[in-house]
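The file model.json contains JSON, C-alpha atoms and all ligand atoms:
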```json
[["chain", "number", "residue", "atom", "x", "y", "z"],
["A", 1, "MET", "CA", 19.62, -29.99, -21.77],
["A", 2, "ALA", "CA", 17.55, -28.97, -24.78],
["A", 3, "ALA", "CA", 13.79, -29.36, -24.75],
["A", 4, "ALA", "CA", 12.54, -32.29, -26.83],
["A", 5, "LEU", "CA", 8.98, -30.99, -26.64],
["A", 6, "GLN", "CA", 7.63, -27.61, -25.63],
["A", 7, "VAL", "CA", 3.90, -27.05, -25.36],
["A", 8, "LYS", "CA", 2.38, -23.59, -24.87],
["A", 9, "ASN", "CA", -1.26, -22.67, -24.27],
["A", 10, "LEU", "CA", -2.50, -25.81, -25.98],
["A", 11, "SER", "CA", -6.25, -26.23, -26.40],
["A", 12, "LYS", "CA", -8.32, -28.77, -28.26],
["A", 13, "THR", "CA", -12.02, -28.48, -28.85],
["A", 14, "TYR", "CA", -14.16, -31.11, -30.56],
["A", 15, "ILE", "CA", -17.51, -30.21, -32.03],
["A", 16, "THR", "CA", -19.93, -33.11, -32.05],
["A", 17, "ASN", "CA", -23.63, -32.74, -32.84],
["A", 18, "LYS", "CA", -23.16, -28.95, -32.74],
["A", 19, "ARG", "CA", -21.97, -29.22, -29.15],
["A", 20, "GLN", "CA", -18.57, -27.90, -28.18],
["A", 21, "ASN", "CA", -16.37, -30.16, -26.07],
["A", 22, "ASN", "CA", -13.30, -28.35, -24.69],
["A", 23, "VAL", "CA", -11.10, -31.38, -24.12],
["A", 24, "LEU", "CA", -7.73, -29.66, -23.53],
["A", 25, "LYS", "CA", -7.72, -26.29, -21.77],
["A", 26, "ASN", "CA", -4.64, -24.14, -22.05],
["A", 27, "ILE", "CA", -2.02, -26.79, -21.34],
["A", 28, "ASN", "CA", 1.64, -25.82, -20.76],
["A", 29, "PHE", "CA", 4.60, -28.15, -20.19],
["A", 30, "THR", "CA", 8.09, -28.98, -21.42],
["A", 31, "ILE", "CA", 9.82, -32.33, -21.81],
["A", 32, "GLU", "CA", 13.62, -32.16, -21.74],
["A", 33, "ALA", "CA", 15.67, -34.42, -23.98],
["A", 34, "GLY", "CA", 16.26, -37.73, -22.22],
["A", 35, "GLU", "CA", 13.20, -37.63, -19.96],
["A", 36, "MET", "CA", 10.67, -40.44, -19.62],
["A", 37, "VAL", "CA", 7.31, -38.90, -18.79],
["A", 38, "ALA", "CA", 4.04, -40.68, -17.99],
["A", 39, "ILE", "CA", 0.62, -39.09, -18.43],
["A", 40, "MET", "CA", -2.04, -40.38, -16.08],
["A", 41, "GLY", "CA", -5.59, -39.35, -15.27],
["A", 42, "PRO", "CA", -9.18, -40.58, -15.35],
["A", 43, "SER", "CA", -10.75, -42.05, -18.49],
["A", 44, "GLY", "CA", -11.93, -39.26, -20.77],
["A", 45, "SER", "CA", -9.66, -36.63, -19.16],
["A", 46, "GLY", "CA", -7.89, -35.96, -22.49],
["A", 47, "LYS", "CA", -4.70, -38.03, -22.29],
["A", 48, "SER", "CA", -4.89, -39.53, -25.78],
["A", 49, "THR", "CA", -6.05, -36.22, -27.23],
["A", 50, "LEU", "CA", -3.00, -34.57, -25.64],
["A", 51, "LEU", "CA", -0.63, -37.18, -27.08],
["A", 52, "TYR", "CA", -2.17, -36.84, -30.55],
["A", 53, "SER", "CA", -2.11, -33.03, -30.41],
["A", 54, "VAL", "CA", 1.55, -32.71, -29.42],
["A", 55, "SER", "CA", 2.88, -35.42, -31.74],
["A", 56, "GLY", "CA", 1.49, -34.12, -35.03],
["A", 57, "MET", "CA", -1.03, -36.98, -35.27],
["A", 58, "ASP", "CA", -3.83, -34.42, -34.92],
["A", 59, "ARG", "CA", -4.08, -30.63, -34.91],
["A", 60, "PRO", "CA", -4.79, -28.69, -31.72],
["A", 61, "THR", "CA", -7.40, -25.91, -31.81],
["A", 62, "ALA", "CA", -4.95, -23.37, -30.38],
["A", 63, "GLY", "CA", -1.46, -23.13, -28.97],
["A", 64, "GLU", "CA", 2.12, -23.86, -29.93],
["A", 65, "VAL", "CA", 4.03, -27.12, -30.05],
["A", 66, "MET", "CA", 7.80, -27.17, -30.57],
["A", 67, "LEU", "CA", 8.88, -30.67, -31.59],
["A", 68, "ALA", "CA", 12.40, -31.46, -32.81],
["A", 69, "GLY", "CA", 13.05, -27.74, -33.21],
["A", 70, "LYS", "CA", 9.94, -27.14, -35.35],
["A", 71, "GLU", "CA", 6.74, -25.29, -34.47],
["A", 72, "ILE", "CA", 4.48, -28.04, -35.80],
["A", 73, "THR", "CA", 1.06, -26.39, -35.47],
["A", 74, "SER", "CA", 1.93, -23.97, -38.29],
["A", 75, "LEU", "CA", 3.00, -26.71, -40.71],
["A", 76, "ASN", "CA", 0.89, -27.68, -43.71],
["A", 77, "GLU", "CA", -0.28, -31.29, -44.19],
["A", 78, "LYS", "CA", 2.86, -32.26, -46.07],
["A", 79, "GLY", "CA", 5.12, -30.78, -43.39],
["A", 80, "LEU", "CA", 3.16, -32.54, -40.68],
["A", 81, "ALA", "CA", 3.42, -35.86, -42.53],
["A", 82, "GLN", "CA", 7.20, -35.40, -42.64],
["A", 83, "VAL", "CA", 7.26, -34.78, -38.87],
["A", 84, "ARG", "CA", 5.25, -37.98, -38.32],
["A", 85, "LEU", "CA", 7.61, -39.94, -40.54],
["A", 86, "ASN", "CA", 10.96, -38.52, -39.41],
["A", 87, "ASP", "CA", 10.82, -36.67, -36.11],
["A", 88, "MET", "CA", 8.68, -38.78, -33.84],
["A", 89, "GLY", "CA", 7.77, -42.40, -33.21],
["A", 90, "PHE", "CA", 4.29, -43.46, -32.11],
["A", 91, "ILE", "CA", 3.31, -46.69, -30.37],
["A", 92, "PHE", "CA", -0.35, -47.65, -30.01],
["A", 93, "GLN", "CA", -2.13, -49.87, -27.51],
["A", 94, "GLN", "CA", -3.72, -51.81, -30.37],
["A", 95, "MET", "CA", -0.67, -52.71, -32.40],
["A", 96, "HIS", "CA", -1.12, -51.98, -36.10],
["A", 97, "MET", "CA", 0.94, -53.73, -38.75],
["A", 98, "LEU", "CA", 0.26, -54.55, -42.38],
["A", 99, "LYS", "CA", -1.10, -58.09, -42.72],
["A", 100, "ASN", "CA", 0.48, -58.93, -46.06],
["A", 101, "LEU", "CA", 4.03, -58.09, -44.95],
["A", 102, "SER", "CA", 6.41, -60.01, -42.70],
["A", 103, "ILE", "CA", 7.51, -58.51, -39.38],
["A", 104, "ILE", "CA", 10.83, -57.26, -40.81],
["A", 105, "ASP", "CA", 9.19, -55.72, -43.89],
["A", 106, "ASN", "CA", 6.73, -53.88, -41.64],
["A", 107, "ILE", "CA", 9.64, -52.51, -39.60],
["A", 108, "LEU", "CA", 11.58, -51.47, -42.72],
["A", 109, "LEU", "CA", 8.66, -49.67, -44.37],
["A", 110, "PRO", "CA", 8.98, -46.20, -42.75],
["A", 111, "ALA", "CA", 12.71, -46.14, -43.46],
["A", 112, "TYR", "CA", 12.15, -46.88, -47.16],
["A", 113, "GLN", "CA", 9.55, -44.08, -47.25],
["A", 114, "SER", "CA", 11.96, -41.55, -45.71],
["A", 115, "ASP", "CA", 14.94, -39.77, -47.17],
["A", 116, "LYS", "CA", 16.12, -38.71, -43.71],
["A", 117, "ASN", "CA", 19.90, -39.12, -43.31],
["A", 118, "HIS", "CA", 20.16, -40.29, -46.96],
["A", 119, "ARG", "CA", 20.83, -43.86, -45.92],
["A", 120, "THR", "CA", 21.47, -46.59, -48.47],
["A", 121, "LYS", "CA", 19.31, -49.71, -48.53],
["A", 122, "GLN", "CA", 22.19, -51.64, -46.98],
["A", 123, "GLU", "CA", 22.50, -49.12, -44.14],
["A", 124, "ILE", "CA", 18.75, -49.24, -43.52],
["A", 125, "ASN", "CA", 18.74, -53.06, -43.47],
["A", 126, "ALA", "CA", 21.73, -53.15, -41.11],
["A", 127, "TYR", "CA", 20.08, -50.65, -38.75],
["A", 128, "CYS", "CA", 16.86, -52.67, -38.78],
["A", 129, "LYS", "CA", 18.73, -55.88, -37.90],
["A", 130, "GLU", "CA", 20.57, -54.05, -35.11],
["A", 131, "LEU", "CA", 17.29, -52.75, -33.63],
["A", 132, "MET", "CA", 15.60, -56.15, -33.87],
["A", 133, "HIS", "CA", 18.58, -57.74, -32.15],
["A", 134, "LYS", "CA", 18.50, -55.11, -29.40],
["A", 135, "LEU", "CA", 14.79, -55.67, -28.81],
["A", 136, "GLY", "CA", 15.28, -59.45, -28.84],
["A", 137, "ILE", "CA", 13.11, -60.28, -31.87],
["A", 138, "SER", "CA", 15.70, -61.27, -34.51],
["A", 139, "GLU", "CA", 14.28, -64.78, -34.71],
["A", 140, "ILE", "CA", 10.80, -63.62, -35.78],
["A", 141, "ALA", "CA", 12.01, -61.40, -38.65],
["A", 142, "GLU", "CA", 10.40, -63.45, -41.41],
["A", 143, "ASN", "CA", 7.28, -64.38, -39.45],
["A", 144, "ASP", "CA", 3.84, -63.32, -40.48],
["A", 145, "ILE", "CA", 2.34, -60.77, -38.04],
["A", 146, "THR", "CA", -0.15, -63.41, -36.87],
["A", 147, "GLU", "CA", 2.67, -65.80, -35.97],
["A", 148, "VAL", "CA", 4.09, -63.83, -33.02],
["A", 149, "SER", "CA", 3.11, -63.12, -29.41],
["A", 150, "GLY", "CA", 1.61, -59.82, -28.26],
["A", 151, "GLY", "CA", 4.85, -58.84, -26.53],
["A", 152, "GLN", "CA", 6.88, -59.65, -29.65],
["A", 153, "LEU", "CA", 4.48, -57.68, -31.85],
["A", 154, "GLN", "CA", 4.71, -54.63, -29.59],
["A", 155, "ARG", "CA", 8.52, -54.89, -29.58],
["A", 156, "ALA", "CA", 8.37, -55.00, -33.39],
["A", 157, "CYS", "CA", 6.19, -51.87, -33.32],
["A", 158, "ILE", "CA", 8.84, -50.19, -31.14],
["A", 159, "CYS", "CA", 11.52, -51.16, -33.69],
["A", 160, "ARG", "CA", 9.41, -49.69, -36.49],
["A", 161, "SER", "CA", 8.88, -46.46, -34.56],
["A", 162, "LEU", "CA", 12.66, -46.11, -34.11],
["A", 163, "MET", "CA", 13.71, -46.79, -37.72],
["A", 164, "ASN", "CA", 13.98, -43.10, -38.64],
["A", 165, "GLN", "CA", 15.74, -42.19, -35.38],
["A", 166, "PRO", "CA", 13.03, -39.91, -33.97],
["A", 167, "ALA", "CA", 13.75, -37.16, -31.44],
["A", 168, "ILE", "CA", 10.94, -38.45, -29.23],
["A", 169, "LEU", "CA", 8.85, -41.56, -28.82],
["A", 170, "PHE", "CA", 5.14, -41.27, -27.96],
["A", 171, "ALA", "CA", 3.19, -44.23, -26.66],
["A", 172, "ASP", "CA", -0.53, -44.46, -25.86],
["A", 173, "GLU", "CA", -0.95, -47.26, -23.32],
["A", 174, "PRO", "CA", 1.81, -49.37, -24.91],
["A", 175, "THR", "CA", 1.26, -52.21, -22.44],
["A", 176, "GLY", "CA", -2.53, -51.92, -22.31],
["A", 177, "ALA", "CA", -3.12, -54.97, -24.51],
["A", 178, "LEU", "CA", -0.41, -57.12, -22.94],
["A", 179, "ASN", "CA", -0.35, -59.59, -20.05],
["A", 180, "ARG", "CA", 1.84, -58.88, -17.03],
["A", 181, "GLY", "CA", 4.92, -60.71, -18.34],
["A", 182, "ALA", "CA", 4.84, -59.14, -21.80],
["A", 183, "SER", "CA", 4.13, -55.76, -20.24],
["A", 184, "GLU", "CA", 7.26, -56.05, -18.07],
["A", 185, "GLU", "CA", 9.29, -57.03, -21.15],
["A", 186, "VAL", "CA", 8.08, -54.06, -23.19],
["A", 187, "MET", "CA", 8.60, -51.62, -20.31],
["A", 188, "GLY", "CA", 12.12, -53.02, -19.81],
["A", 189, "GLU", "CA", 12.87, -52.26, -23.47],
["A", 190, "LEU", "CA", 11.43, -48.74, -23.25],
["A", 191, "MET", "CA", 13.48, -48.06, -20.12],
["A", 192, "ARG", "CA", 16.65, -49.33, -21.77],
["A", 193, "LEU", "CA", 16.02, -47.15, -24.84],
["A", 194, "ASN", "CA", 15.41, -44.17, -22.57],
["A", 195, "GLU", "CA", 18.66, -44.82, -20.74],
["A", 196, "GLU", "CA", 20.44, -44.82, -24.09],
["A", 197, "GLY", "CA", 19.02, -41.36, -24.80],
["A", 198, "THR", "CA", 15.55, -41.74, -26.35],
["A", 199, "THR", "CA", 13.03, -39.25, -24.93],
["A", 200, "ILE", "CA", 9.71, -40.92, -24.13],
["A", 201, "MET", "CA", 6.21, -39.61, -23.40],
["A", 202, "LEU", "CA", 3.67, -42.30, -22.63],
["A", 203, "VAL", "CA", 0.10, -42.58, -21.42],
["A", 204, "SER", "CA", -0.70, -45.31, -18.94],
["A", 205, "HIS", "CA", -3.40, -46.42, -16.50],
["A", 206, "ASP", "CA", -0.88, -48.75, -14.87],
["A", 207, "LEU", "CA", 0.75, -47.50, -11.68],
["A", 208, "LYS", "CA", 3.64, -49.95, -12.14],
["A", 209, "VAL", "CA", 4.35, -48.54, -15.60],
["A", 210, "ALA", "CA", 4.19, -44.93, -14.42],
["A", 211, "ALA", "CA", 6.45, -45.69, -11.46],
["A", 212, "LYS", "CA", 9.24, -46.61, -13.88],
["A", 213, "CYS", "CA", 9.21, -43.09, -15.42],
["A", 214, "SER", "CA", 11.19, -40.04, -14.29],
["A", 215, "ARG", "CA", 8.12, -37.78, -14.13],
["A", 216, "ILE", "CA", 4.35, -38.17, -14.04],
["A", 217, "LEU", "CA", 1.80, -35.57, -15.14],
["A", 218, "TYR", "CA", -1.74, -36.01, -13.88],
["A", 219, "ILE", "CA", -4.53, -34.74, -16.13],
["A", 220, "VAL", "CA", -8.05, -34.02, -14.99],
["A", 221, "ASP", "CA", -10.71, -32.54, -17.23],
["A", 222, "GLY", "CA", -8.22, -31.20, -19.78],
["A", 223, "ASN", "CA", -5.87, -29.55, -17.26],
["A", 224, "ILE", "CA", -2.60, -30.66, -15.70],
["A", 225, "LYS", "CA", -3.58, -31.05, -12.07],
["A", 226, "GLY", "CA", -0.23, -32.19, -10.67],
["A", 227, "GLU", "CA", 3.26, -33.39, -11.37],
["A", 228, "LEU", "CA", 5.48, -35.94, -9.58],
["A", 229, "LYS", "CA", 9.22, -36.19, -10.15],
["A", 230, "LEU", "CA", 10.96, -39.49, -9.47],
["A", 231, "PRO", "CA", 14.64, -40.41, -9.37],
["A", 232, "ARG", "CA", 15.80, -42.21, -12.51],
["A", 233, "GLN", "CA", 15.27, -45.95, -12.29],
["A", 234, "GLY", "CA", 18.21, -47.18, -14.32],
["A", 235, "GLN", "CA", 18.94, -50.71, -15.41],
["A", 236, "ALA", "CA", 21.78, -50.58, -12.83],
["A", 237, "LEU", "CA", 19.00, -51.26, -10.34],
["A", 238, "LYS", "CA", 18.87, -54.82, -11.66],
["A", 239, "GLU", "CA", 22.27, -55.50, -10.08],
["A", 240, "GLN", "CA", 21.18, -54.26, -6.67],
["A", 241, "ALA", "CA", 20.21, -56.85, -4.11],
["A", 242, "ASP", "CA", 17.29, -54.76, -2.86],
["A", 243, "GLU", "CA", 15.86, -54.11, -6.37],
["A", 244, "LYS", "CA", 12.39, -55.35, -5.39],
["A", 245, "SER", "CA", 12.13, -53.15, -2.31],
["A", 246, "ILE", "CA", 13.28, -50.06, -4.27],
["A", 247, "ILE", "CA", 10.58, -50.71, -6.89],
["A", 248, "ARG", "CA", 7.98, -51.30, -4.15],
["A", 249, "GLU", "CA", 8.96, -48.01, -2.51],
["A", 250, "ARG", "CA", 8.58, -46.11, -5.81],
["A", 251, "GLU", "CA", 5.18, -47.68, -6.42],
["A", 252, "ARG", "CA", 4.10, -46.80, -2.88],
["A", 253, "LYS", "CA", 5.16, -43.18, -3.45],
["A", 254, "VAL", "CA", 3.26, -43.03, -6.75],
["A", 255, "ASN", "CA", 0.22, -44.66, -5.18],
["A", 256, "ASN", "CA", 0.11, -42.09, -2.33],
["A", 257, "TRP", "CA", 0.48, -39.26, -4.81],
["A", 258, "LEU", "CA", -2.27, -40.68, -7.05],
["A", 259, "ASN", "CA", -4.56, -40.88, -4.02],
["A", 260, "ASP", "CA", -3.84, -37.18, -3.35],
["A", 261, "MET", "CA", -4.73, -36.48, -6.99],
["A", 262, "GLY", "CA", -8.07, -38.20, -6.47],
["A", 263, "TRP", "CA", -7.35, -41.22, -8.69],
["A", 301, "LIG", "N1", -12.19, -37.68, -32.45],
["A", 301, "LIG", "C1", -12.98, -37.22, -31.47],
["A", 301, "LIG", "N2", -14.11, -36.53, -31.76],
["A", 301, "LIG", "C2", -14.89, -36.04, -30.78],
["A", 301, "LIG", "N3", -14.64, -36.18, -29.46],
["A", 301, "LIG", "C3", -13.55, -36.86, -29.11],
["A", 301, "LIG", "C4", -12.66, -37.42, -30.09],
["A", 301, "LIG", "N4", -11.63, -38.04, -29.44],
["A", 301, "LIG", "C5", -11.87, -37.88, -28.13],
["A", 301, "LIG", "N5", -13.01, -37.18, -27.92],
["A", 301, "LIG", "C6", -13.57, -36.79, -26.60],
["A", 301, "LIG", "O1", -12.53, -36.14, -25.89],
["A", 301, "LIG", "C7", -12.53, -36.50, -24.52],
["A", 301, "LIG", "C8", -11.17, -37.02, -24.12],
["A", 301, "LIG", "O2", -10.90, -38.22, -24.80],
["A", 301, "LIG", "P1", -9.50, -38.95, -24.73],
["A", 301, "LIG", "O3", -9.58, -40.11, -25.64],
["A", 301, "LIG", "O4", -8.42, -37.98, -24.96],
["A", 301, "LIG", "O5", -9.47, -39.42, -23.21],
["A", 301, "LIG", "P2", -8.43, -40.33, -22.44],
["A", 301, "LIG", "O6", -8.00, -39.59, -21.25],
["A", 301, "LIG", "O7", -7.40, -40.82, -23.37],
["A", 301, "LIG", "O8", -9.37, -41.55, -21.97],
["A", 301, "LIG", "P3", -9.00, -43.12, -21.80],
["A", 301, "LIG", "O9", -8.25, -43.21, -20.51],
["A", 301, "LIG", "O10", -10.35, -43.76, -21.70],
["A", 301, "LIG", "O11", -8.23, -43.57, -22.97],
["A", 301, "LIG", "C9", -13.68, -37.48, -24.37],
["A", 301, "LIG", "O12", -14.80, -36.76, -23.90],
["A", 301, "LIG", "C10", -13.92, -37.99, -25.75],
["A", 301, "LIG", "O13", -15.26, -38.35, -25.92],
["A", 302, "MG", "MG", -6.88, -42.70, -24.16]]
```
Is it possible to give me this structure as structure tokens?
Amino acid sequence: MAAALQVKNLSKTYITNKRQNNVLKNINFTIEAGEMVAIMGPSGSGKSTLLYSVSGMDRPTAGEVMLAGKEITSLNEKGLAQVRLNDMGFIFQQMHMLKNLSIIDNILLPAYQSDKNHRTKQEINAYCKELMHKLGISEIAENDITEVSGGQLQRACICRSLMNQPAILFADEPTGALNRGASEEVMGELMRLNEEGTTIMLVSHDLKVAAKCSRILYIVDGNIKGELKLPRQGQALKEQADEKSIIRERERKVNNWLNDMGW
């Protein structure tokens, strides 16, 4: 399979009050198309910085990032803006949407701003409706963003991030602001999208979230300290009588590994 993301010798240094903070130190990894990878690690270890640096949201200090077949660190601002619009989707913990637009208009916005695939307005609208149906939020299309639940708003954010059919979806603690039920819902949607072929890289503090992924990278102090591969947890699991014990076993395995990592 082709690599969806290839990161070589990535470093990020912040300078604050004339002091140098080397947040990411020579990071190397590859994410193959179709993977679902979780990034874990202590607070302040550089997880969000890593996600921002490899997605084109921010510029690394050094290193190479191949995203959707482009070396994005050498792009100018305009090129980088195009990557953000067309080649990747980004989901935040604190869900951002424009207050003066309905849910559906928020979701449509990036597609109207993009000329990717040269879609007509009708095609864009049809794709939006299809996504909203898939994510189970058709009925809140015309709602104001304040008139929906946290889980619905995050599912709307996922729809918006998918409008331009990105090669990879990044998510920084996508369930961090949600209660347990809504978190399960959102993770179920992300898993289903991944099964259908969307590559996902997410950051999470939640062992249950990470245990649903096919690989976990553990970051400490700006370095990848360890990696855990897990068998794919497909939706087919739902039909198995011992679903709960399989999930418990995965979480136990992740928990033991996290203990080894010093979590
Ligand atoms: N824009 C910035 N300017 C200066 N320093 C920053 C900036 N963003 C992050 N840092 C510093 O970089 C380090 C890593 O921060 P980062 O947000 O990547 O950690 P994290 O692993 O995502 O933590 P958390 O789990 O709390 O979200 C911290 O020391 C932080 O203070
Ligand atoms: Mg963070």
Expected selection as a compact mmCIF listing (two decimals) with C-alpha atoms, in the frame of the given file for ligand MG 302 (chain A) within 10 Å, only C-alpha atoms and all ligand atoms:
```
# COMPACT_ATOMS: atom_id res chain seq x y z
CA MET A 40 -2.04 -40.38 -16.08
CA GLY A 41 -5.59 -39.35 -15.27
CA PRO A 42 -9.18 -40.58 -15.35
CA SER A 43 -10.75 -42.05 -18.49
CA GLY A 44 -11.93 -39.26 -20.77
CA SER A 45 -9.66 -36.63 -19.16
CA GLY A 46 -7.89 -35.96 -22.49
CA LYS A 47 -4.70 -38.03 -22.29
CA SER A 48 -4.89 -39.53 -25.78
CA THR A 49 -6.05 -36.22 -27.23
CA LEU A 50 -3.00 -34.57 -25.64
CA LEU A 51 -0.63 -37.18 -27.08
CA TYR A 52 -2.17 -36.84 -30.55
CA GLN A 93 -2.13 -49.87 -27.51
CA ASP A 172 -0.53 -44.46 -25.86
CA GLU A 173 -0.95 -47.26 -23.32
CA VAL A 203 0.10 -42.58 -21.42
CA SER A 204 -0.70 -45.31 -18.94
CA HIS A 205 -3.40 -46.42 -16.50
```
*In Å, how far is it from atom CA of Ile168 of chain A to atom CA of Ile31 of chain A?*
9.7 Å
*Can you list, as a PyMOL selection string, every protein, DNA or RNA residue that comes within 12 Å of Gly176 of chain A when you count all atoms listed in the file, leaving out same-chain residues fewer than 5 positions away?*
chain A and resi 91-95+150-151+154+171+182-184+186-187+202-207+209
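Shortest separation to ligand LIG 301 (chain A) among A:Ile103, A:Ile219, A:Met66, A:Leu230 occurs at residue A:Ile219, atoms counted being all atoms listed in the file.
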*Kindly give the distance, in Å, that separates atom CA of Lys129 of chain A and atom CA of Leu101 of chain A, rounded to a single decimal.*
16.5 Å
*Can you tell me how far atom CA of Ala210 of chain A sits from atom CA of Ala38 of chain A, in Å to one decimal?*
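Taking atom CA of Ala210 of chain A as the start and atom CA of Ala38 of chain A as the end point, the length is 5.6 Å.
Between ligand LIG 301 (chain A) and the candidates A:Gly222, A:Ser245, A:Met97, A:Asn106, the tightest atom-to-atom separation, counting all atoms listed in the file, involves A:Gly222.
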*asked:* If we count all atoms listed in the file and set the cut-off at 10 Å, which residues sit around Lys12 of chain A, ignoring sequence neighbours fewer than 3 positions away in its own chain? Please answer as an NGL selection string.
replied: :A and (21-27 or 46 or 49-50 or 53 or 58-63 or 222)
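Each of A:Ile246, A:Ile224, A:Met57, A:Ala68 was compared to Phe29 of chain A using all atoms listed in the file, and A:Ile224 turns out to be the nearest.
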